[in-house]
Every structure is written in structure tokens, then in C-alpha cells.
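Undergrad: Data: model_19.txt, compact mmCIF, C-alpha atoms.
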# COMPACT_ATOMS: atom_id res chain seq x y z
CA MET A 7 41.80 37.87 94.83
CA PRO A 8 45.23 37.86 96.49
CA ASN A 9 46.05 40.43 99.17
CA ARG A 10 48.91 41.72 97.07
CA SER A 11 50.30 41.44 93.58
CA GLY A 12 53.54 39.60 93.04
CA ILE A 13 56.91 41.31 92.91
CA LEU A 14 58.88 41.69 89.68
CA TYR A 15 62.51 41.01 90.56
CA VAL A 16 65.09 42.30 88.07
CA VAL A 17 67.95 39.91 88.73
CA ALA A 18 71.57 40.31 87.63
CA THR A 19 73.32 37.05 86.74
CA PRO A 20 77.02 36.28 86.06
CA ILE A 21 78.61 37.54 82.85
CA GLY A 22 80.95 34.56 82.89
CA ASN A 23 82.17 33.22 86.22
CA LEU A 24 79.26 31.47 87.97
CA GLU A 25 80.76 32.28 91.37
CA ASP A 26 79.61 35.87 90.83
CA LEU A 27 75.93 34.97 91.41
CA SER A 28 74.99 36.61 94.70
CA PRO A 29 73.31 34.63 97.52
CA ARG A 30 70.29 36.94 97.27
CA ALA A 31 69.98 36.41 93.52
CA LEU A 32 70.13 32.64 94.02
CA ARG A 33 67.43 32.76 96.69
CA VAL A 34 65.14 34.93 94.56
CA LEU A 35 65.55 32.67 91.52
CA LYS A 36 64.70 29.61 93.60
CA GLU A 37 61.76 31.16 95.47
CA SER A 38 60.06 33.00 92.57
CA GLY A 39 57.05 31.39 90.95
CA LEU A 40 58.32 32.05 87.44
CA ILE A 41 61.51 33.20 85.72
CA ALA A 42 61.33 35.26 82.52
CA VAL A 43 64.48 34.34 80.62
CA GLU A 44 65.91 35.66 77.36
CA ASP A 45 67.17 32.29 76.09
CA THR A 46 66.37 29.11 78.01
CA ARG A 47 69.19 27.22 76.30
CA HIS A 48 71.77 29.82 77.27
CA SER A 49 70.65 30.00 80.91
CA ARG A 50 70.26 26.24 81.40
CA HIS A 51 73.90 25.91 82.47
CA LEU A 52 73.30 28.41 85.29
CA PHE A 53 70.09 26.69 86.44
CA ASP A 54 71.63 23.23 86.34
CA HIS A 55 74.72 24.36 88.24
CA PHE A 56 72.69 25.86 91.09
CA GLN A 57 69.84 23.33 90.91
CA ILE A 58 67.22 25.98 90.19
CA ALA A 59 63.95 24.22 89.36
CA THR A 60 61.70 27.27 88.94
CA ALA A 61 59.46 27.30 85.85
CA LEU A 62 60.84 29.30 82.90
CA LEU A 63 59.10 31.48 80.34
CA PRO A 64 61.02 32.74 77.27
CA TYR A 65 60.98 36.54 77.05
CA HIS A 66 62.89 38.15 74.18
CA ASP A 67 62.68 40.74 71.41
CA PHE A 68 60.47 38.57 69.20
CA ASN A 69 57.74 37.78 71.74
CA GLU A 70 58.09 40.72 74.10
CA ARG A 71 54.64 42.23 73.61
CA ASP A 72 52.65 38.98 73.99
CA THR A 73 54.74 37.62 76.85
CA GLU A 74 54.51 40.92 78.70
CA LYS A 75 50.74 40.45 79.02
CA ILE A 76 51.17 36.94 80.43
CA LEU A 77 53.75 38.10 82.97
CA ILE A 78 51.67 41.07 84.12
CA GLU A 79 48.65 38.77 84.58
CA ARG A 80 50.73 36.37 86.67
CA LEU A 81 52.11 39.23 88.75
CA LEU A 82 48.65 40.70 89.35
CA ALA A 83 47.50 37.24 90.41
CA GLY A 84 50.14 37.22 93.16
CA THR A 85 53.04 35.33 91.53
CA ASP A 86 56.55 36.63 92.11
CA VAL A 87 58.43 36.81 88.79
CA ALA A 88 62.18 37.06 88.27
CA LEU A 89 63.45 38.70 85.09
CA ILE A 90 66.94 37.77 83.86
CA CYS A 91 68.87 38.23 80.62
CA ASP A 92 71.51 35.96 79.08
CA ALA A 93 74.23 37.50 81.22
CA GLY A 94 74.68 40.51 83.49
CA THR A 95 72.09 43.09 84.47
CA PRO A 96 68.75 42.99 82.61
CA LEU A 97 67.60 45.92 80.43
CA ILE A 98 71.20 47.04 79.74
CA ASN A 99 71.15 46.55 75.98
CA ASP A 100 68.68 43.69 76.55
CA PRO A 101 64.87 43.23 76.53
CA GLY A 102 62.82 44.15 79.56
CA TYR A 103 62.05 47.87 79.39
CA ARG A 104 58.43 47.36 78.34
CA LEU A 105 57.78 44.83 81.10
CA VAL A 106 59.29 46.98 83.84
CA LYS A 107 57.41 50.06 82.59
CA SER A 108 54.14 48.11 82.47
CA ALA A 109 54.71 46.77 85.99
CA HIS A 110 55.07 50.30 87.33
CA GLU A 111 51.94 51.38 85.48
CA HIS A 112 49.98 48.52 87.11
CA GLY A 113 51.23 49.38 90.58
CA ILE A 114 53.40 46.24 90.77
CA LYS A 115 56.50 46.47 92.94
CA VAL A 116 59.75 46.24 90.95
CA ALA A 117 62.71 45.09 93.03
CA PRO A 118 66.25 45.19 91.58
CA VAL A 119 68.67 42.47 92.63
CA PRO A 120 71.98 44.06 91.63
CA GLY A 121 75.07 42.27 90.46
CA PRO A 122 77.42 41.89 87.50
CA SER A 123 77.41 44.24 84.52
CA ALA A 124 79.95 44.12 81.70
CA ILE A 125 79.96 47.93 81.55
CA THR A 126 80.96 48.61 85.15
CA THR A 127 83.23 45.55 85.23
CA ALA A 128 85.22 46.88 82.27
CA LEU A 129 85.34 50.42 83.64
CA SER A 130 86.58 49.25 87.03
CA ALA A 131 89.63 47.48 85.60
CA ALA A 132 90.54 49.41 82.43
CA GLY A 133 92.49 52.32 83.86
CA VAL A 134 90.64 55.00 81.91
CA PRO A 135 88.73 57.95 83.45
CA THR A 136 85.50 56.77 85.11
CA ASP A 137 84.19 59.94 86.76
CA LYS A 138 81.96 60.51 83.73
CA PHE A 139 81.10 57.97 81.06
CA VAL A 140 78.45 57.26 78.43
CA PHE A 141 77.25 53.84 77.26
CA GLU A 142 76.84 53.70 73.48
CA GLY A 143 75.87 50.02 73.08
CA TYR A 144 76.60 48.33 69.75
CA PRO A 145 77.77 50.69 66.96
CA ALA A 146 76.17 50.54 63.53
CA GLU A 147 77.08 47.39 61.59
CA LYS A 148 77.79 48.95 58.17
CA HIS A 149 81.07 50.80 57.65
CA ALA A 150 79.61 54.09 56.37
CA ALA A 151 76.97 54.29 59.09
CA ARG A 152 79.45 53.33 61.79
CA LEU A 153 81.98 55.92 60.62
CA LYS A 154 79.35 58.67 60.64
CA TYR A 155 78.17 57.54 64.06
CA LEU A 156 81.69 57.69 65.51
CA GLN A 157 82.35 61.08 63.92
CA GLY A 158 79.37 62.36 65.87
CA LEU A 159 81.18 61.28 69.05
CA LYS A 160 84.59 62.74 68.18
CA TYR A 161 84.24 65.68 70.60
CA GLU A 162 82.51 63.69 73.37
CA ARG A 163 84.45 64.46 76.57
CA ARG A 164 83.17 61.53 78.65
CA THR A 165 84.69 58.05 78.42
CA MET A 166 82.70 56.11 75.81
CA VAL A 167 81.73 52.48 76.37
CA PHE A 168 80.84 50.23 73.41
CA TYR A 169 79.86 46.60 72.94
CA GLU A 170 81.19 44.94 69.79
CA ALA A 171 80.90 41.54 68.15
CA PRO A 172 84.02 39.45 67.36
CA HIS A 173 83.45 39.51 63.59
CA ARG A 174 83.40 43.34 63.60
CA ILE A 175 86.00 44.20 66.24
CA VAL A 176 88.85 44.83 63.77
CA GLU A 177 86.70 47.05 61.53
CA PHE A 178 85.39 48.96 64.53
CA LEU A 179 88.89 49.70 65.81
CA LYS A 180 90.01 50.78 62.33
CA ASP A 181 87.14 53.28 62.19
CA ALA A 182 87.88 54.42 65.76
CA LEU A 183 91.49 54.97 64.73
CA ASP A 184 90.42 57.07 61.74
CA VAL A 185 88.00 59.19 63.78
CA PHE A 186 89.69 59.59 67.19
CA GLY A 187 93.30 59.45 65.99
CA PRO A 188 96.18 57.15 66.92
CA ASP A 189 97.02 58.74 70.28
CA ARG A 190 93.59 58.70 71.93
CA GLN A 191 93.65 56.24 74.84
CA GLY A 192 91.28 53.31 75.11
CA SER A 193 90.83 49.78 76.37
CA ILE A 194 89.68 46.42 75.06
CA ALA A 195 88.06 44.22 77.71
CA ARG A 196 87.57 40.73 76.31
CA GLU A 197 85.81 37.68 77.80
CA LEU A 198 85.38 39.38 81.18
CA THR A 199 85.42 36.99 84.19
CA LYS A 200 85.89 34.01 81.87
CA LYS A 201 88.85 31.67 81.41
CA PHE A 202 90.47 33.70 78.62
CA GLU A 203 89.78 37.14 80.07
CA SER A 204 92.10 39.89 78.85
CA ILE A 205 92.13 43.65 79.37
CA LYS A 206 94.40 45.70 77.11
CA THR A 207 94.74 49.46 77.73
CA SER A 208 96.81 51.65 75.43
CA SER A 209 96.52 54.10 72.53
CA ILE A 210 93.96 53.28 69.86
CA GLN A 211 96.83 52.68 67.43
CA ASN A 212 98.37 50.09 69.76
CA LEU A 213 94.98 48.48 70.39
CA TYR A 214 94.39 48.20 66.65
CA ASN A 215 97.81 46.61 66.20
CA TRP A 216 97.24 44.23 69.12
CA ILE A 217 93.88 42.98 67.88
CA GLN A 218 95.49 42.02 64.56
CA GLU A 219 98.56 40.31 66.03
CA ASP A 220 96.71 37.15 66.99
CA LYS A 221 93.41 35.75 65.73
CA ASN A 222 92.69 34.65 69.30
CA HIS A 223 92.53 38.32 70.28
CA GLN A 224 89.50 38.64 68.00
CA LYS A 225 87.44 35.93 69.72
CA GLY A 226 84.88 36.32 72.48
CA GLU A 227 82.69 39.12 73.79
CA PHE A 228 84.09 42.66 73.78
CA VAL A 229 83.65 45.84 75.75
CA VAL A 230 85.63 48.69 74.14
CA LEU A 231 86.32 51.91 76.01
CA VAL A 232 87.52 55.13 74.37
CA GLN A 233 88.72 58.00 76.50
CA GLY A 234 86.88 61.25 75.88
CA ALA A 235 88.36 64.27 74.13
CA SER A 236 90.28 66.78 76.22
CA ARG A 237 88.82 70.27 76.54
CA GLU A 238 91.69 71.69 74.49
CA GLU A 239 91.35 69.05 71.77
CA SER A 240 87.61 69.52 71.56
CA GLU A 241 87.66 73.30 71.44
CA THR A 242 90.59 73.43 68.99
CA ASP A 243 89.08 70.92 66.57
CA ILE A 244 85.66 72.56 66.67
CA ASP A 245 87.19 76.01 66.01
CA ALA A 246 89.33 74.61 63.18
CA GLY A 247 86.32 72.91 61.63
CA ARG A 248 84.28 76.09 61.71
CA MET A 249 87.19 78.06 60.25
CA LEU A 250 87.55 75.56 57.42
CA GLU A 251 83.83 75.72 56.67
CA LEU A 252 84.05 79.48 56.25
CA LEU A 253 87.24 79.36 54.18
CA LEU A 254 85.81 76.66 51.89
CA GLU A 255 82.96 78.97 50.99
CA GLU A 256 85.51 81.18 49.18
CA LEU A 257 88.62 79.07 48.54
CA PRO A 258 89.75 75.69 47.14
CA LEU A 259 90.34 73.01 49.78
CA ASN A 260 94.14 73.01 49.44
CA THR A 261 94.35 76.77 49.95
CA ALA A 262 91.81 76.74 52.79
CA ALA A 263 93.73 74.00 54.63
CA LYS A 264 97.03 75.86 54.18
CA ILE A 265 95.64 79.12 55.59
CA ALA A 266 93.88 77.36 58.48
CA SER A 267 97.10 75.53 59.33
CA ARG A 268 99.03 78.81 59.57
CA ILE A 269 96.40 80.25 61.91
CA THR A 270 95.80 77.25 64.18
CA GLY A 271 99.14 75.43 64.13
CA ILE A 272 97.36 72.20 63.18
CA SER A 273 99.08 70.30 60.37
CA ARG A 274 97.90 71.09 56.85
CA ASN A 275 97.33 67.42 56.10
CA THR A 276 95.09 66.98 59.15
CA LEU A 277 93.05 70.02 58.12
CA TYR A 278 92.94 68.82 54.51
CA GLN A 279 91.44 65.50 55.65
CA LEU A 280 88.98 67.36 57.86
CA GLY A 281 88.05 69.51 54.87
CA LEU A 282 87.37 66.41 52.77
CA LYS A 283 84.96 65.18 55.42
CA LEU A 284 83.23 68.56 55.56
CA GLN A 285 82.81 68.60 51.79
CA ASN A 286 81.34 65.09 51.84
CA LYS A 287 78.71 65.82 54.47
Now that the file is in, can you turn its structure into C-alpha cells?
TA:
Amino acid sequence: MPNRSGILYVVATPIGNLEDLSPRALRVLKESGLIAVEDTRHSRHLFDHFQIATALLPYHDFNERDTEKILIERLLAGTDVALICDAGTPLINDPGYRLVKSAHEHGIKVAPVPGPSAITTALSAAGVPTDKFVFEGYPAEKHAARLKYLQGLKYERRTMVFYEAPHRIVEFLKDALDVFGPDRQGSIARELTKKFESIKTSSIQNLYNWIQEDKNHQKGEFVVLVQGASREESETDIDAGRMLELLLEELPLNTAAKIASRITGISRNTLYQLGLKLQNK
């Protein structure tokens, strides 16, 4: 039996520019006995570039449970294992949680090797509030589910960070426009650290217009940031919504919206649309 178990290194790799691989990450990848990798084909470019010859073992959503057992056995036998994902920091919207949890349960040391993350990279350069933020991952794919999901975030006061696929980016921004309104500020960070990197920060209306101006704007990998609701906006909208709910118990929608508008100062049309949503819950 070995004197110690191996170490599970959780290694961040570049999200685009290969120069972002840290010297420590490179050393760990070369010195580990095994690398658990999400997609060997995707990571081959990285390994070839840095001449990393360490043995690879595919570890992804479809084989996670079985491969976890193999990796834990190797770690307990004294082999150091490096865990990477396709790009960025592992476990952030990627496989790995089960393995890391199991390693802790078996008394195996877990050592993070920090580095690039699309979330923090986008936040650092977008020019939106970063003192408090929440990562929401990929929104629902279907329109109805996505719209309901975003409506649940309408009063969120922290900056919201989303990932989105290129074939859904226009639809996502249209739904964000409908839910958060045209004036809410946000940012589209596209192809971060890559050749065609672009970061566009403006109102959601302007972002929606920009994404449609050029088909090239719709290509690549996206991080979308939406600034949180202000305290005044959140409290006013919540109060107006509650008022409408009460008025709709006794009055037609048109009348309820008209009365609520007189009381709150919010436009009748805005309240009418809000009333439609309340009636369709």
C-alpha cells in the first residue's frame, strides 16, 4: 500500500488564448499520472501545443458514475489525477461535482489550480456592477420555459450572468427585452480571449438590435450579463403587481390597469401587460 493517496488536482485551462495556461497548471498536467478530460478531441490541441504526454481518461456526463470509480481507485492507489474540462475552470457548468465530492469522502486531497473562467473574465471587462452577482448558467431552451424562467428573475437585484448558445442568442435577448425592459443595462461578451473577441455593453434594446445587425455577431460562445433591478424598480413593480392582483379579483383588466396607473404613476399599458401575465399564471 502507498504511504499516501494521490492528489486530485482541479485544473483551470484556457477559455481561448493558450497563453493563459499558468506555469503551475502546465507542470501539474505534465507531472500527474492521469488526466480526466471532458472531450479528448477538444483538448488535444492544448496537449499538442504544450507537448503534454500524460495519459488521458474521458470523463463526461455520460460516463461520470463509472469513470468516477476508476479515478477514485487510481487516487487511492497513489496516482495523482488532474481534472480538466473543455475550457476554463472545471465544475462551473461542467462535470466533476460527483468526483470531487467522492474524493473528499474518501479522504483524498483536492487541490485547485486556479485560472481562467468565462464568468469572471466577462464580469471584469463588461462595465456592469460586480459587487454582487449570480451565475444562472444556460437558460431553458424552449421559449415558454425560458420566458417563465426569466420572469422569475425580473426583481433579482444582483447582476445576472448567463451562458447562451449561438443558435439561441437572438431568442434569448428578445425574451430578456420583454421581461427586463428596453432600458435595463447588460453586456454581451462573445468569443472571450479568442481572435474575434467582442464585448458590447449597452441597454438590452441596443444589445438586441446589435445582435441582429450582423450574422457574425451571432457566432461563437456567449456570456450575457444583465444588470440587476434597482431597489426602487423592484419595490415599485412588486407593489404594482400585488395591487393589480387585488383589483383583478373585483374588476375587469382594463379598469384595474387604469386605476392602478392613477395610483402608482406607472403607464396604463405597462400595467395592462403585467395584468395579462398575472391572468395567465
Undergrad: I'd like to know which of A:Asp26, A:Glu197, A:Glu162, A:Glu79 is closest to Phe228 (chain A), using all atoms listed in the file.
TA: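 Selected residue with least distance to Phe228 (chain A): A:Glu197.
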Undergrad: Write out as a VMD selection string which residues come within 12 Å of Asp137 (chain A) when counting all atoms listed in the file, dropping same-chain ones fewer than 5 positions away.
TA: chain A and resid 126 129 to 130 163 to 166 233 to 234
Undergrad: Using only C-alpha atoms, find the one residue out of A:Glu255, A:Ile13, A:Leu35, A:Glu70 that sits nearest to Gln57 (chain A).
TA: A:Leu35
Undergrad: Using Å and a single decimal, report how far CA of Asp72 (chain A) sits from CA of Tyr144 (chain A).
TA: 26.1 Å
Undergrad: Which residues are close to Leu159 (chain A), i.e. within 12 Å by only C-alpha atoms, leaving aside same-chain residues fewer than 6 positions away? Reply as a compact mmCIF listing (two decimals) with C-alpha atoms, in the frame of the given file.
TA:
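Saved result, out-v5.txt, follows:
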# COMPACT_ATOMS: atom_id res chain seq x y z
CA VAL A 140 78.45 57.26 78.43
CA PHE A 141 77.25 53.84 77.26
CA GLU A 142 76.84 53.70 73.48
CA PRO A 145 77.77 50.69 66.96
CA ARG A 152 79.45 53.33 61.79
CA LEU A 153 81.98 55.92 60.62
CA THR A 165 84.69 58.05 78.42
CA MET A 166 82.70 56.11 75.81
CA VAL A 167 81.73 52.48 76.37
CA PHE A 168 80.84 50.23 73.41
CA ALA A 182 87.88 54.42 65.76
CA VAL A 185 88.00 59.19 63.78
CA PHE A 186 89.69 59.59 67.19
CA VAL A 232 87.52 55.13 74.37
CA GLN A 233 88.72 58.00 76.50
CA GLY A 234 86.88 61.25 75.88
CA ALA A 235 88.36 64.27 74.13
CA SER A 240 87.61 69.52 71.56
Undergrad: Show me, as an MDAnalysis selection string, the residues that have an atom within 8 Å of Pro172 (chain A) when counting only C-alpha atoms, minus same-chain residues fewer than 4 positions from it.
TA: chainID A and resid 224:228
Undergrad: Go through A:Glu25, A:Arg274, A:Leu183, A:Lys201 one by one, measure the shortest atom-to-atom distance of each to His55 (chain A) using all atoms listed in the file, and give the residue with the smallest value.
TA: A:Glu25
Undergrad: Quick check, in Å to one decimal: how far apart do CA of Ala128 (chain A) and CA of Arg104 (chain A) lie?
TA: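 Distance between the two atoms: 27.1 Å.
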Undergrad: Hey, which of A:Asp92, A:Lys160, A:Glu251, A:Leu14 ends up closest to Arg50 (chain A)? Count all atoms listed in the file.
TA: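 Going through A:Asp92, A:Lys160, A:Glu251, A:Leu14 one by one, the smallest distance to Arg50 (chain A) is for A:Asp92.
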Undergrad: Which residues are near Ala263 (chain A)? Cut-off 8 Å, all atoms listed in the file, ignore same chain within fewer than 2 positions. Put them as JSON, numbers by chain.
TA: {"A": [250, 259, 260, 261, 265, 266, 267, 274, 275, 277, 278, 281]}
Undergrad: What gap, in Å, lies between CA of Pro120 (chain A) and CA of Lys107 (chain A)?
TA: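 Rounded to one decimal, the two atoms are 18.2 Å apart.
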Undergrad: Which protein, DNA or RNA residues are at most 9 Å from (60.7, 33.2, 76.2) in the file's coordinates when you count all atoms listed in the file, listed as a list of chain:residue names?
TA: A:Ala42, A:Val43, A:Glu44, A:Asp45, A:Thr46, A:Leu62, A:Leu63, A:Pro64, A:Tyr65, A:His66, A:Phe68, A:Asn69, A:Glu70, A:Thr73
Undergrad: I'd like the contact shell of Arg80 (chain A) - 12 Å cut-off, only C-alpha atoms, skipping same-chain residues fewer than 6 positions apart - returned as a PyMOL selection string.
TA: chain A and resi 8+10-14+38-42+63+73-74+86-88+109+114
Undergrad: Select, from A:Tyr169, A:Tyr155, A:Phe53, A:Phe139, the residue with the minimum atom-to-atom distance to Ile98 (chain A), counting only C-alpha atoms.
TA: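 Of A:Tyr169, A:Tyr155, A:Phe53, A:Phe139, the one nearest Ile98 (chain A), counting only C-alpha atoms, is A:Tyr169.
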Undergrad: Restricting the calculation to all atoms listed in the file: of A:His110, A:Gly102, A:His173, A:Met249, which residue gets closest to Lys221 (chain A)?
TA: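 Ranked by minimum distance to Lys221 (chain A), first place goes to A:His173.
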